[in-house]
file model32.pdb (PDB, C-alpha atoms and all ligand atoms)
ATOM      1  CA  MET A  15       0.000   0.000   0.000
ATOM      2  CA  ARG A  16       2.843   2.369   0.791
ATOM      3  CA  TRP A  17       4.203   1.885  -2.694
ATOM      4  CA  PHE A  18       0.824   2.596  -4.185
ATOM      5  CA  PHE A  19       0.628   6.034  -2.550
ATOM      6  CA  LEU A  20       4.177   6.853  -3.523
ATOM      7  CA  ILE A  21       3.552   5.928  -7.143
ATOM      8  CA  LEU A  22       0.287   7.828  -7.118
ATOM      9  CA  ALA A  23       2.003  10.938  -5.760
ATOM     10  CA  ILE A  24       4.744  10.726  -8.370
ATOM     11  CA  ALA A  25       2.146  10.181 -11.099
ATOM     12  CA  VAL A  26       0.139  13.240  -9.999
ATOM     13  CA  VAL A  27       3.223  15.451  -9.846
ATOM     14  CA  ALA A  28       4.387  14.191 -13.241
ATOM     15  CA  THR A  29       0.987  14.777 -14.795
ATOM     16  CA  VAL A  30       0.664  18.289 -13.415
ATOM     17  CA  TYR A  31       4.203  19.040 -14.541
ATOM     18  CA  ALA A  32       3.496  17.756 -18.034
ATOM     19  CA  ILE A  33       0.172  19.455 -18.728
ATOM     20  CA  GLY A  34       0.242  22.513 -16.535
ATOM     21  CA  PRO A  35       3.501  24.373 -17.099
ATOM     22  CA  ARG A  36       3.510  27.905 -15.766
ATOM     23  CA  GLY A  37       5.823  30.836 -16.005
ATOM     24  CA  VAL A  38       6.797  30.364 -19.630
ATOM     25  CA  LYS A  39       6.616  33.447 -21.807
ATOM     26  CA  PHE A  40       5.653  33.208 -25.465
ATOM     27  CA  SER A  41       6.428  35.920 -27.931
ATOM     28  CA  ASP A  42       4.162  34.428 -30.608
ATOM     29  CA  PRO A  43       0.578  35.608 -30.781
ATOM     30  CA  PRO A  44      -1.902  33.111 -29.387
ATOM     31  CA  PHE A  45      -3.617  30.800 -31.801
ATOM     32  CA  GLU A  46      -6.704  32.592 -33.049
ATOM     33  CA  LEU A  47      -9.748  30.463 -33.644
ATOM     34  CA  PHE A  48     -11.886  33.527 -34.476
ATOM     35  CA  PRO A  49      -9.725  36.417 -35.689
ATOM     36  CA  ASP A  50     -12.678  38.880 -35.360
ATOM     37  CA  MET A  51     -11.209  41.183 -37.990
ATOM     38  CA  ASP A  52      -8.273  41.958 -35.686
ATOM     39  CA  HIS A  53      -5.898  42.233 -38.581
ATOM     40  CA  GLN A  54      -6.901  44.701 -41.226
ATOM     41  CA  TYR A  55      -5.282  46.492 -44.036
ATOM     42  CA  ARG A  56      -4.775  50.155 -43.330
ATOM     43  CA  VAL A  57      -2.939  53.130 -44.655
ATOM     44  CA  ASN A  58      -0.730  55.133 -42.341
ATOM     45  CA  PRO A  59      -0.812  58.898 -42.778
ATOM     46  CA  GLN A  60       1.726  60.216 -45.294
ATOM     47  CA  LYS A  61       2.774  56.692 -46.247
ATOM     48  CA  PRO A  62       2.590  54.979 -49.617
ATOM     49  CA  SER A  63       0.107  52.237 -50.273
ATOM     50  CA  GLY A  64       0.319  49.380 -52.706
ATOM     51  CA  PHE A  65      -3.458  49.267 -52.859
ATOM     52  CA  PHE A  66      -3.711  52.137 -55.299
ATOM     53  CA  GLU A  67      -2.269  52.080 -58.764
ATOM     54  CA  ASP A  68      -0.206  55.217 -58.247
ATOM     55  CA  GLY A  69       1.116  53.926 -54.918
ATOM     56  CA  GLN A  70      -0.001  57.021 -53.087
ATOM     57  CA  GLY A  71      -1.663  56.437 -49.687
ATOM     58  CA  SER A  72      -3.363  59.800 -49.150
ATOM     59  CA  ARG A  73      -6.059  60.376 -51.720
ATOM     60  CA  LYS A  74      -7.417  63.538 -53.251
ATOM     61  CA  PRO A  75     -11.209  64.055 -52.982
ATOM     62  CA  ILE A  76     -13.047  62.342 -55.823
ATOM     63  CA  GLU A  77     -13.736  64.663 -58.709
ATOM     64  CA  GLY A  78     -17.098  66.367 -58.329
ATOM     65  CA  THR A  79     -17.121  66.115 -54.516
ATOM     66  CA  VAL A  80     -19.125  68.958 -53.010
ATOM     67  CA  PRO A  81     -17.842  70.201 -49.669
ATOM     68  CA  VAL A  82     -20.481  70.756 -46.992
ATOM     69  CA  GLY A  83     -21.768  74.311 -47.065
ATOM     70  CA  PHE A  84     -21.498  74.790 -50.819
ATOM     71  CA  GLU A  85     -24.450  74.956 -53.161
ATOM     72  CA  LEU A  86     -25.319  71.669 -54.797
ATOM     73  CA  PRO A  87     -25.197  71.565 -58.559
ATOM     74  CA  HIS A  88     -28.471  70.754 -60.258
ATOM     75  CA  ALA A  89     -29.176  67.307 -61.557
ATOM     76  CA  GLY A  90     -29.749  67.878 -65.235
ATOM     77  CA  ASN A  91     -32.907  65.825 -65.495
ATOM     78  CA  GLU A  92     -35.003  67.830 -63.051
ATOM     79  CA  ALA A  93     -37.269  70.747 -63.690
ATOM     80  CA  ASP A  94     -35.576  73.897 -62.513
ATOM     81  CA  LEU A  95     -37.877  74.225 -59.513
ATOM     82  CA  THR A  96     -34.998  73.042 -57.334
ATOM     83  CA  SER A  97     -33.343  76.431 -57.720
ATOM     84  CA  ASP A  98     -35.647  77.573 -54.964
ATOM     85  CA  LEU A  99     -34.250  75.368 -52.224
ATOM     86  CA  ASP A 100     -36.158  77.317 -49.684
ATOM     87  CA  PHE A 101     -36.971  75.784 -46.331
ATOM     88  CA  SER A 102     -37.882  79.095 -44.738
ATOM     89  CA  ARG A 103     -40.359  79.272 -41.898
ATOM     90  CA  GLY A 104     -41.949  82.651 -42.390
ATOM     91  CA  ASP A 105     -45.564  83.168 -41.455
ATOM     92  CA  SER A 106     -47.005  83.808 -44.908
ATOM     93  CA  TYR A 107     -49.571  81.427 -46.384
ATOM     94  CA  PHE A 108     -46.826  80.146 -48.697
ATOM     95  CA  ASP A 109     -44.694  79.097 -45.715
ATOM     96  CA  THR A 110     -47.378  77.788 -43.376
ATOM     97  CA  GLY A 111     -50.540  76.800 -45.260
ATOM     98  CA  LEU A 112     -52.401  78.872 -42.691
ATOM     99  CA  PHE A 113     -54.356  82.091 -42.723
ATOM    100  CA  GLY A 114     -54.192  83.135 -39.110
ATOM    101  CA  ASP A 115     -55.391  80.067 -37.207
ATOM    102  CA  PHE A 116     -57.160  78.480 -40.172
ATOM    103  CA  TYR A 117     -56.016  76.200 -42.965
ATOM    104  CA  GLY A 118     -56.160  78.077 -46.251
ATOM    105  CA  SER A 119     -57.712  76.858 -49.500
ATOM    106  CA  GLY A 120     -56.063  77.174 -52.857
ATOM    107  CA  TYR A 121     -52.444  77.783 -53.753
ATOM    108  CA  PRO A 122     -50.243  80.775 -52.926
ATOM    109  CA  GLU A 123     -50.297  83.305 -55.749
ATOM    110  CA  THR A 124     -46.551  83.179 -56.238
ATOM    111  CA  LEU A 125     -46.706  79.616 -57.530
ATOM    112  CA  GLU A 126     -47.017  78.892 -61.195
ATOM    113  CA  LEU A 127     -49.364  75.952 -61.499
ATOM    114  CA  ASP A 128     -48.193  74.413 -64.731
ATOM    115  CA  ALA A 129     -47.412  70.929 -65.987
ATOM    116  CA  ALA A 130     -43.804  71.115 -64.761
ATOM    117  CA  PHE A 131     -45.031  71.945 -61.268
ATOM    118  CA  LEU A 132     -47.334  68.919 -61.241
ATOM    119  CA  ALA A 133     -44.602  66.704 -62.667
ATOM    120  CA  ARG A 134     -42.285  67.854 -59.892
ATOM    121  CA  GLY A 135     -44.994  67.072 -57.339
ATOM    122  CA  LYS A 136     -45.455  63.609 -58.793
ATOM    123  CA  GLN A 137     -41.743  62.902 -58.687
ATOM    124  CA  ARG A 138     -41.376  64.109 -55.079
ATOM    125  CA  PHE A 139     -44.528  62.262 -54.019
ATOM    126  CA  GLN A 140     -43.284  59.016 -55.480
ATOM    127  CA  ILE A 141     -39.976  59.389 -53.666
ATOM    128  CA  THR A 142     -41.224  60.658 -50.324
ATOM    129  CA  CYS A 143     -44.799  59.535 -49.779
ATOM    130  CA  THR A 144     -45.356  56.385 -51.842
ATOM    131  CA  PRO A 145     -43.680  53.926 -49.430
ATOM    132  CA  CYS A 146     -46.451  54.588 -46.904
ATOM    133  CA  HIS A 147     -49.357  56.030 -48.860
ATOM    134  CA  GLY A 148     -48.973  53.993 -52.044
ATOM    135  CA  ASN A 149     -48.504  55.103 -55.631
ATOM    136  CA  SER A 150     -52.161  56.017 -56.017
ATOM    137  CA  GLY A 151     -52.313  57.561 -52.525
ATOM    138  CA  ASN A 152     -54.716  54.910 -51.264
ATOM    139  CA  GLY A 153     -52.662  54.173 -48.149
ATOM    140  CA  ALA A 154     -51.554  50.723 -49.290
ATOM    141  CA  GLY A 155     -47.855  51.504 -49.680
ATOM    142  CA  VAL A 156     -45.195  48.869 -49.256
ATOM    143  CA  VAL A 157     -44.911  49.447 -45.490
ATOM    144  CA  SER A 158     -48.519  48.380 -45.070
ATOM    145  CA  LYS A 159     -47.334  44.831 -45.716
ATOM    146  CA  TYR A 160     -44.932  44.924 -42.802
ATOM    147  CA  TRP A 161     -46.184  47.653 -40.548
ATOM    148  CA  ALA A 162     -49.914  47.381 -40.748
ATOM    149  CA  ILE A 163     -51.050  49.015 -37.502
ATOM    150  CA  PRO A 164     -51.940  51.844 -37.598
ATOM    151  CA  PRO A 165     -52.251  52.119 -41.351
ATOM    152  CA  SER A 166     -51.127  55.172 -43.315
ATOM    153  CA  ALA A 167     -54.068  57.367 -44.251
ATOM    154  CA  ASN A 168     -55.877  56.874 -47.525
ATOM    155  CA  LEU A 169     -55.183  60.196 -49.231
ATOM    156  CA  ILE A 170     -57.778  59.807 -51.976
ATOM    157  CA  ASP A 171     -60.848  59.046 -49.878
ATOM    158  CA  ALA A 172     -63.615  61.604 -49.296
ATOM    159  CA  ARG A 173     -62.247  62.652 -45.889
ATOM    160  CA  VAL A 174     -58.776  63.713 -47.025
ATOM    161  CA  SER A 175     -60.141  65.003 -50.342
ATOM    162  CA  ALA A 176     -62.273  67.429 -48.391
ATOM    163  CA  MET A 177     -59.197  68.925 -46.725
ATOM    164  CA  PRO A 178     -58.136  72.310 -48.049
ATOM    165  CA  GLU A 179     -54.757  72.597 -49.752
ATOM    166  CA  GLY A 180     -53.339  74.433 -46.758
ATOM    167  CA  GLN A 181     -54.118  71.523 -44.448
ATOM    168  CA  ILE A 182     -52.313  68.997 -46.614
ATOM    169  CA  PHE A 183     -49.374  71.399 -46.847
ATOM    170  CA  TRP A 184     -49.432  71.761 -43.069
ATOM    171  CA  THR A 185     -49.517  67.974 -42.606
ATOM    172  CA  ILE A 186     -46.511  67.511 -44.891
ATOM    173  CA  THR A 187     -44.691  70.290 -43.016
ATOM    174  CA  HIS A 188     -45.416  69.100 -39.479
ATOM    175  CA  GLY A 189     -46.339  65.427 -39.852
ATOM    176  CA  LYS A 190     -49.126  63.697 -38.005
ATOM    177  CA  GLY A 191     -49.141  60.695 -35.673
ATOM    178  CA  LEU A 192     -46.562  58.242 -36.992
ATOM    179  CA  MET A 193     -45.911  60.367 -40.056
ATOM    180  CA  GLY A 194     -42.875  62.561 -39.506
ATOM    181  CA  PRO A 195     -42.475  66.201 -40.559
ATOM    182  CA  TYR A 196     -41.027  66.817 -44.009
ATOM    183  CA  ASN A 197     -40.141  70.485 -43.650
ATOM    184  CA  GLY A 198     -36.442  69.715 -43.454
ATOM    185  CA  VAL A 199     -36.495  67.391 -46.456
ATOM    186  CA  LEU A 200     -38.806  69.079 -48.932
ATOM    187  CA  SER A 201     -38.535  72.727 -49.912
ATOM    188  CA  VAL A 202     -41.638  74.876 -49.520
ATOM    189  CA  ASN A 203     -42.081  74.782 -53.289
ATOM    190  CA  ASP A 204     -41.841  71.009 -53.403
ATOM    191  CA  ARG A 205     -44.374  70.648 -50.613
ATOM    192  CA  TRP A 206     -46.888  72.719 -52.579
ATOM    193  CA  ALA A 207     -46.088  70.703 -55.691
ATOM    194  CA  ILE A 208     -46.908  67.527 -53.751
ATOM    195  CA  VAL A 209     -50.164  69.079 -52.534
ATOM    196  CA  ALA A 210     -51.089  69.746 -56.168
ATOM    197  CA  TYR A 211     -50.234  66.164 -57.111
ATOM    198  CA  VAL A 212     -52.243  64.731 -54.189
ATOM    199  CA  LYS A 213     -55.190  66.878 -55.303
ATOM    200  CA  SER A 214     -54.838  65.489 -58.825
ATOM    201  CA  LEU A 215     -54.825  61.917 -57.460
ATOM    202  CA  GLN A 216     -58.000  62.712 -55.533
ATOM    203  CA  ALA A 217     -59.606  64.151 -58.662
ATOM    204  CA  ALA A 218     -58.598  61.052 -60.604
ATOM    205  CA  ALA A 219     -60.302  58.940 -57.919
ATOM    206  CA  GLY A 220     -63.452  60.982 -58.408
ATOM    207  CA  ASN A 221     -63.254  62.906 -55.128
TER
HETATM  208  C1  LIG A 301     -43.617  56.769 -42.721
HETATM  209  C2  LIG A 301     -44.860  56.622 -43.420
HETATM  210  C3  LIG A 301     -45.435  57.893 -44.034
HETATM  211  C4  LIG A 301     -44.873  58.701 -44.993
HETATM  212  C5  LIG A 301     -43.516  58.552 -45.674
HETATM  213  C6  LIG A 301     -45.836  59.705 -45.273
HETATM  214  N1  LIG A 301     -46.939  59.541 -44.486
HETATM  215 FE1  LIG A 301     -48.633  60.662 -44.541
HETATM  216  N2  LIG A 301     -49.414  59.541 -43.036
HETATM  217  C7  LIG A 301     -48.821  58.456 -42.453
HETATM  218  C8  LIG A 301     -49.653  57.959 -41.379
HETATM  219  C9  LIG A 301     -49.341  56.767 -40.475
HETATM  220  C10 LIG A 301     -50.789  58.801 -41.337
HETATM  221  C11 LIG A 301     -51.966  58.729 -40.355
HETATM  222  C12 LIG A 301     -51.636  59.688 -39.226
HETATM  223  C13 LIG A 301     -52.724  59.765 -38.183
HETATM  224  O1  LIG A 301     -53.878  59.902 -38.574
HETATM  225  O2  LIG A 301     -52.362  59.673 -37.003
HETATM  226  C14 LIG A 301     -50.606  59.776 -42.410
HETATM  227  C15 LIG A 301     -51.523  60.768 -42.709
HETATM  228  C16 LIG A 301     -51.416  61.615 -43.780
HETATM  229  C17 LIG A 301     -52.436  62.577 -44.168
HETATM  230  C18 LIG A 301     -53.810  62.760 -43.504
HETATM  231  C19 LIG A 301     -53.668  63.622 -42.293
HETATM  232  C20 LIG A 301     -54.951  63.726 -41.523
HETATM  233  O3  LIG A 301     -55.175  64.817 -40.971
HETATM  234  O4  LIG A 301     -55.706  62.751 -41.453
HETATM  235  C21 LIG A 301     -51.962  63.251 -45.260
HETATM  236  C22 LIG A 301     -52.665  64.355 -46.032
HETATM  237  C23 LIG A 301     -50.649  62.697 -45.547
HETATM  238  N3  LIG A 301     -50.350  61.733 -44.638
HETATM  239  C24 LIG A 301     -49.862  63.107 -46.600
HETATM  240  C25 LIG A 301     -48.562  62.650 -46.815
HETATM  241  C26 LIG A 301     -47.709  63.150 -47.859
HETATM  242  C27 LIG A 301     -48.116  64.184 -48.903
HETATM  243  C28 LIG A 301     -46.528  62.502 -47.740
HETATM  244  C29 LIG A 301     -45.249  62.719 -48.540
HETATM  245  C30 LIG A 301     -44.648  64.018 -48.359
HETATM  246  C31 LIG A 301     -46.647  61.584 -46.622
HETATM  247  N4  LIG A 301     -47.888  61.697 -46.090
HETATM  248  C32 LIG A 301     -45.652  60.718 -46.214
HETATM  249  C33 LIG A 301     -47.610  57.894 -42.803
HETATM  250  C34 LIG A 301     -46.728  58.426 -43.720
END

call {"tool": "encode", "arguments": {"input": "model32.pdb", "output": "structure tokens"}}
result
Amino acid sequence: MRWFFLILAIAVVATVYAIGPRGVKFSDPPFELFPDMDHQYRVNPQKPSGFFEDGQGSRKPIEGTVPVGFELPHAGNEADLTSDLDFSRGDSYFDTGLFGDFYGSGYPETLELDAAFLARGKQRFQITCTPCHGNSGNGAGVVSKYWAIPPSANLIDARVSAMPEGQIFWTITHGKGLMGPYNGVLSVNDRWAIVAYVKSLQAAAGN
């Protein structure tokens, strides 16, 4: 029995010595099972880079880049209504859709209600409003498939059709319920153009 304990003790010490060495320093990185994007290509400031054809690490801004604070050039395919990128918040009917405390009817006199204006409204509507309100304005936009409650309003029913132009303008400007305000996204002109297009959709629906 004495021998058994002695052998056992030697075996334990030998095992611990073999599998549990301590105090050894490794200079190699540990084996990485999941590298987690630890090692990435990068360019040091003022250093060359083989990534680019000309070998230069620091790049010039891409041609046509517009620095923040400078006027954007016009996209050639748009009606020139964009020249009035006016998000002003005056208190005229043009800016608010209101006469005093009441929604106004009709369009501000300064607007030229021609085909280009309506076309602009259609284009902006299809970009900004269609995802929720649908192409025809009936409220069955693509989000209704995923985000059904509460539904976006049907813009071509009798209720919304009865709203004066100023109220629709006001709704676009300030939003309502889950619909956000669009006064920072759409110029005053564009908002009126959308109102005109919504009115034309309502007329097409017989309201
Ligand atoms: C993110 C989805 C969304 C977008 C985008 C959106 N709307 Fe709406 N809109 C709604 C919802 C939701 C309501 C219902 C709000 C309520 O009644 O609480 C609504 C209501 C309305 C109403 C009726 C307001 C009332 O008083 O009942 C009008 C008019 C309207 N939207 C016009 C527009 C126009 C024009 C655009 C594009 C500039 C637009 N909406 C963009 C979701 C949206």

call {"tool": "resolve_selection", "arguments": {"input": "model32.pdb", "expression": "the PyMOL selection byres (((chain A and resi 220) around 12) and not hetatm)", "output": "ChimeraX atom specification"}}
result
/A:170-172,175-176,213-219,221

call {"tool": "axis_aligned_box", "arguments": {"input": "model32.pdb", "around": "ligand LIG 301 (chain A)", "padding_each_side": "4 Å", "output": "JSON"}}
result
{"center_x": -49.6, "center_y": 60.7, "center_z": -43.0, "size_x": 20.2, "size_y": 16.2, "size_z": 19.9}

call {"tool": "residues_near_ligand", "arguments": {"input": "model32.pdb", "ligand": "ligand LIG 301 (chain A)", "cutoff": "9 Å", "atoms": "only C-alpha atoms and all ligand atoms", "output": "number ranges by chain"}}
result
A: 138-147, 151, 153, 155, 157, 163-169, 173-175, 177, 181-187, 189-196, 200, 205, 208-209, 211-212

call {"tool": "atom_distance", "arguments": {"input": "model32.pdb", "atom1": "atom CA of A:Gly104", "atom2": "atom CA of A:Val199"}}
result
16.7 Å

call {"tool": "atom_distance", "arguments": {"input": "model32.pdb", "atom1": "atom CA of A:Tyr160", "atom2": "atom CA of A:Ala210"}}
result
28.9 Å

call {"tool": "atom_distance", "arguments": {"input": "model32.pdb", "atom1": "atom CA of A:Gly135", "atom2": "atom CA of A:Asp204"}}
result
6.4 Å

call {"tool": "closest_residue", "arguments": {"input": "model32.pdb", "among": "A:Pro81, A:Leu112, A:Asn203, A:His188", "to": "A:Leu125", "atoms": "all atoms listed in the file"}}
result
A:Asn203

call {"tool": "closest_residue", "arguments": {"input": "model32.pdb", "among": "A:Glu67, A:Asn58, A:Glu179, A:Ile24", "to": "A:Gly118", "atoms": "all atoms listed in the file"}}
result
A:Glu179

call {"tool": "resolve_selection", "arguments": {"input": "model32.pdb", "expression": "the PyMOL selection byres (((chain A and resi 123) around 12) and not hetatm)", "output": "PyMOL selection string"}}
result
chain A and resi 106-108+119-122+124-127+206

call {"tool": "residues_around", "arguments": {"input": "model32.pdb", "residues": "A:Ser72", "least_positions_apart": "5", "cutoff": "12 Å", "atoms": "only C-alpha atoms", "output": "ChimeraX atom specification"}}
result
/A:56-66

call {"tool": "closest_residue", "arguments": {"input": "model32.pdb", "among": "A:Val27, A:Gly148, A:Gly180, A:Ala207", "to": "A:Ala129", "atoms": "only C-alpha atoms"}}
result
A:Ala207

call {"tool": "build_atoms", "arguments": {"input": "model32.pdb", "residues": "stretch 102-118 of chain A", "atoms": "N, CA and C atoms", "output": "CSV table (one decimal), in the coordinates of the input"}}
result
chain,number,residue,atom,x,y,z
A,102,SER,N,-37.7,78.0,-45.7
A,102,SER,CA,-37.9,79.1,-44.7
A,102,SER,C,-39.1,78.8,-43.9
A,103,ARG,N,-39.2,79.4,-42.8
A,103,ARG,CA,-40.4,79.3,-41.9
A,103,ARG,C,-40.9,80.6,-41.6
A,104,GLY,N,-41.3,81.4,-42.6
A,104,GLY,CA,-41.9,82.7,-42.4
A,104,GLY,C,-43.4,82.4,-41.9
A,105,ASP,N,-44.2,83.4,-41.8
A,105,ASP,CA,-45.6,83.2,-41.5
A,105,ASP,C,-46.6,83.5,-42.6
A,106,SER,N,-46.1,83.6,-43.8
A,106,SER,CA,-47.0,83.8,-44.9
A,106,SER,C,-47.8,82.5,-45.2
A,107,TYR,N,-48.8,82.6,-46.0
A,107,TYR,CA,-49.6,81.4,-46.4
A,107,TYR,C,-48.7,80.4,-47.1
A,108,PHE,N,-47.8,81.0,-48.0
A,108,PHE,CA,-46.8,80.1,-48.7
A,108,PHE,C,-46.0,79.3,-47.8
A,109,ASP,N,-45.6,79.8,-46.6
A,109,ASP,CA,-44.7,79.1,-45.7
A,109,ASP,C,-45.4,78.2,-44.7
A,110,THR,N,-46.7,78.5,-44.5
A,110,THR,CA,-47.4,77.8,-43.4
A,110,THR,C,-48.6,77.0,-43.8
A,111,GLY,N,-49.3,77.4,-44.9
A,111,GLY,CA,-50.5,76.8,-45.3
A,111,GLY,C,-51.7,77.3,-44.4
A,112,LEU,N,-51.4,78.3,-43.6
A,112,LEU,CA,-52.4,78.9,-42.7
A,112,LEU,C,-52.7,80.3,-43.0
A,113,PHE,N,-54.0,80.7,-42.8
A,113,PHE,CA,-54.4,82.1,-42.7
A,113,PHE,C,-54.7,82.3,-41.3
A,114,GLY,N,-53.9,83.0,-40.5
A,114,GLY,CA,-54.2,83.1,-39.1
A,114,GLY,C,-54.2,81.8,-38.5
A,115,ASP,N,-55.3,81.4,-37.9
A,115,ASP,CA,-55.4,80.1,-37.2
A,115,ASP,C,-56.1,79.0,-38.1
A,116,PHE,N,-56.4,79.4,-39.3
A,116,PHE,CA,-57.2,78.5,-40.2
A,116,PHE,C,-56.3,78.0,-41.4
A,117,TYR,N,-56.6,76.7,-41.7
A,117,TYR,CA,-56.0,76.2,-43.0
A,117,TYR,C,-56.6,77.0,-44.2
A,118,GLY,N,-55.7,77.3,-45.1
A,118,GLY,CA,-56.2,78.1,-46.3
A,118,GLY,C,-56.5,77.1,-47.4
